[in-house]
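A.B. asks: Handing you this structure, nothing more for now.
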Amino acid sequence: MSSINYAEKIPNNVNLANDRTLQRALEHWQPHFLQWWHEMGPTDFESADVYLRTAVSVDAQGWAHYGAVHMPDYRWGIFLADAVPDRKIGFGDQMGAPAWQQVPGEYRSTLRRLIVTQGDTEPASVEQQRMLGHTCPSLYDLRNLFQVNVEEGRHLWAMVYLLHAYFGRDGREEAEELLARHSGDADKPRILTTFNEPMRDWLSFFCFTYFTDRDGKYQLKSFAESAFDPLSRTCRFMLTEEAHHMFVGETGISRVVKRTLEVMKELGTDDPARIRAHGAIDLPTVQRYLNYWCSSSLDLFGSEISSNSATNFASGMKGRPDETQYEDHVLRGKSIKLLMPDGEQDVPMLNALNEVMRESYLRDCEIGLKRWNRQIERAGHALRLTLPTSRFRRSIGPWAGLPVSPEGKLIAKEEYEKKLRDWIPTETDQAFIQSLMHKVVAPGKMAGWIAPPERGINNLPLEYEYVNLH
Ligand SMILES: [Fe+2]
Ligand SMILES: [Fe+2]
C-alpha cells in the first residue's frame, strides 16, 4: 500500500516528489486554491477549531485521522486508491484489454471535459454552502457542514491532479478555470444548473447532500469503472469520502421528520399551521423540498437519449455504476423501451445509459424514503413521503419543460401551473423555513426544528464542542 506523505507541501500517495515538474505545477496552483477557499469558502469561520477527519491512508480501515484544525490549514491532498495489478477494461468495445495508464489521444478532449465537469461541481457546492454556518442548528451540524466542505475541496484537488498530470497545458488552464467560475455568477457560472442554485437554509442543505451528492456518488461510481486507470483510482477513494455526505443528508432529513412527529404528537394534530407555529416543519413542506431537490438532481444525468453516453461507454471512458452487476458489458445490438412524451420508443441500450443510471439512482434514493416512512408509520400517521418520477420538472431531455405531475402524468399546462405550488416550495414555505434558521452553538444544544442525532462523531458525546468558535 502506498502511504501518504504528510511531510510534503501537498500530502499525496502518488509519489509526487519523483515528478518535479508536476510537483512544481501543483505547488503553483496550491496558493490559488487557498485564495479561492479564503474568498469563496466558509470565510467567516477561518479561525474556528473544527473537529475534522483527514485522510491518512487509503486503507478501507482507519483511513482517517480526527482532530481540531483551522479549515485553511486542512491538509488537502492527492489520494488514489491502490492500483489493481494488471487491471483490465471491464466494459465496452475494448473489454478485456489492459486499462489505460495514459490518456489515448482520440479520447483526450472528451475525458478532459468529463473530468472538468465533475471537478466543477466540487468547489461549486462549497460556494453554495458558504453562508450556512451562520444559521447552524447545532455545533454537531456545523462540524458536518465543514467536513463536507473540506472534502469537496479535496475532490477538487483530485480532479486537478488528473488535469495537471495527464492533460498538459490544457489541463493546467482548466485547473485555473475551475477556480474562476463561481456558483450563481452571472458572467462565469458553474457548468451545471443545480450547482448554481442558491442554498439559504439547512433543509435545502440536507436535501442537497441527500440528492445531489448522491448524483455525485453515481458519477464517481461510473468513473470508478473507467478504462482510464488514474481516474478510476481517484474516484474509488473519493467514494469513501462521499458516503459521509449522504449520511449527513439522510440523517438530517430523518431528524427533521423525527422532530416534526414529536411536535405532532405533543399537539395532537397534523395541521401544518399549528406545527409551524410550534417551530417545526410540517411533512407536506418536507415533501415539497424533496420534490424540488430530487427533480433538480435528475437533470444531472443528462438526456434520456444520448450519443455521448454511447460513445463514453463503448470507448471505455465511463461505465455504469457497479458495472459487474450486469451480465452484458458490451451492449451492442441491445435495446430498451423508454417512455417518451408521444409513447414508448425502442432505443439502443448504448444511447439510453443516462436513463439506466437515472433509474438506478432513483432506486438508491428510495432507501432513505423507506426509513423516514417507517418513522411516520410507527408514529401512527397515514402520510408517506414519496419521490417524484424521473419525468417531473425536467429541463433536459424529451420531457424538458413539459407539464408532468410528480407521479409522471402529462397534464394540462394550467393545471400544472396551479398545482406546482403544492409540489415544490412556495415563497411562503421558503420564508417560513428561513424564519427557523437561527444559529445554535451551545455545545449539545439543538434548534427546535430538528431532533438530536443518535450519536456524536467518532464515538464522542453529543455535548462535545465539535467547533470551537473562540
Ligand atoms: Fe465531491
Ligand atoms: Fe459530496
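Starting from 1 in every chain, residues are counted up; chains themselves are A, B, ... following the order of the C-alpha cells, and ligands are numbered from 1 as listed.
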Quick one: residues within 10 Å of stretch 61-70 of chain A, only C-alpha atoms counted, chain neighbours fewer than 5 positions away excluded, as a VMD selection string?
C.D. replies: chain A and resid 45 to 56 75 240 to 241 457 to 458 466 to 468
A.B. asks: Hey, what does DSSP flag as strand (DSSP E or B) within stretch 284-428 of chain A? Can you give it to me as a PyMOL selection string?
C.D. replies: chain A and resi 335-340+343-348+404+410
A.B. asks: Please, what distance in Å, to one decimal, runs between atom CA of A:Ser390 and atom CA of A:Glu151?
C.D. replies: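 Computing the Euclidean distance for atom CA of A:Ser390 and atom CA of A:Glu151 yields 28.9 Å.
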A.B. asks: Which neighbours of stretch 257-262 of chain A fall inside 8 Å, counting only C-alpha atoms, when residues of the same chain fewer than 3 positions from it are skipped, and could you give them as an MDAnalysis selection string?
C.D. replies: chainID A and resid 253:254 265:266 275 280:283 372 375:376 379 448:451
A.B. asks: Determine, for each residue of chain A having at least one atom at most 7 Å from an atom of ligand 2, the closest pair of atoms and their separation in Å to one decimal, counting only C-alpha atoms and all ligand atoms; order by chain and ascending number, as a Markdown table.
C.D. replies:
| residue | atom | partner | partner_atom_place_in_ligand_line | distance |
| --- | --- | --- | --- | --- |
| A:Val148 | CA | ligand 2 | 1 (Fe) | 6.5 |
| A:Glu152 | CA | ligand 2 | 1 (Fe) | 5.9 |
| A:Thr209 | CA | ligand 2 | 1 (Fe) | 6.8 |
| A:Asp213 | CA | ligand 2 | 1 (Fe) | 4.6 |
| A:Gly216 | CA | ligand 2 | 1 (Fe) | 6.4 |
| A:Glu242 | CA | ligand 2 | 1 (Fe) | 4.8 |
| A:His245 | CA | ligand 2 | 1 (Fe) | 5.2 |
A.B. asks: Counting only C-alpha atoms, what is within 9 Å of A:His134, bar same-chain residues fewer than 2 positions away, as a list in words?
C.D. replies: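 These residues fall inside the cut-off: Asp44, Met131, Leu132, Cys136, Leu142, Met437, His438 and Lys439 of chain A.
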A.B. asks: Give the answer as one residue: which of A:Lys334, A:Lys221, A:His470, A:Arg274 has the shortest atom-to-atom distance to ligand 1, using only C-alpha atoms and all ligand atoms?
C.D. replies: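 Using only C-alpha atoms and all ligand atoms, the shortest distance to ligand 1 belongs to A:Lys221.
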A.B. asks: Record the distance separating atom CA of A:Pro137 and atom CA of A:Val263, expressed in Å with one decimal.
C.D. replies: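 We find that atom CA of A:Pro137 and atom CA of A:Val263 lie 17.2 Å from each other.
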A.B. asks: Could you work out how far atom CA of A:Asn13 lies from atom CA of A:Met317, giving the answer in Å with one decimal?
C.D. replies: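 If I compute the distance from atom CA of A:Met317 to atom CA of A:Asn13, I get 23.7 Å.
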A.B. asks: Pick the closest to ligand 1 from A:Leu338, A:Met446, A:Leu156, A:Leu410: which is it, counting only C-alpha atoms and all ligand atoms?
C.D. replies: A:Leu156
A.B. asks: Out of A:Met349, A:Leu239, A:Val440, A:Ile367, which residue has the shortest atom-to-atom distance to ligand 1 when counting only C-alpha atoms and all ligand atoms?
C.D. replies: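 Nearest candidate to ligand 1 out of A:Met349, A:Leu239, A:Val440, A:Ile367: A:Leu239.
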A.B. asks: Would you list the contacts of stretch 114-125 of chain A as a PyMOL selection string, taking every protein, DNA or RNA residue within 7 Å and counting only C-alpha atoms, but skipping same-chain residues closer than 6 positions in sequence?
C.D. replies: chain A and resi 152-153+155-156+159+178+182-183+190-191+195
A.B. asks: Choose the residue, out of A:Gly380, A:Gln129, A:Thr285, A:Val103, that has the smallest atom-to-atom separation from A:Gly168; count only C-alpha atoms.
C.D. replies: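 Checking each candidate against A:Gly168, we get A:Val103 as the closest.
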A.B. asks: Which of these residues is nearest to ligand 1, using only C-alpha atoms and all ligand atoms: A:Met238, A:Met357, A:Ala310, A:Leu300?
C.D. replies: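 With only C-alpha atoms and all ligand atoms as the atom set, the closest residue is A:Met238.
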A.B. asks: So, counting only C-alpha atoms, which residue among A:Leu339, A:Leu34, A:Leu203, A:Ala243 is closest to A:Pro398?
C.D. replies: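 Comparing A:Leu339, A:Leu34, A:Leu203, A:Ala243 against A:Pro398, the winner is A:Leu339.
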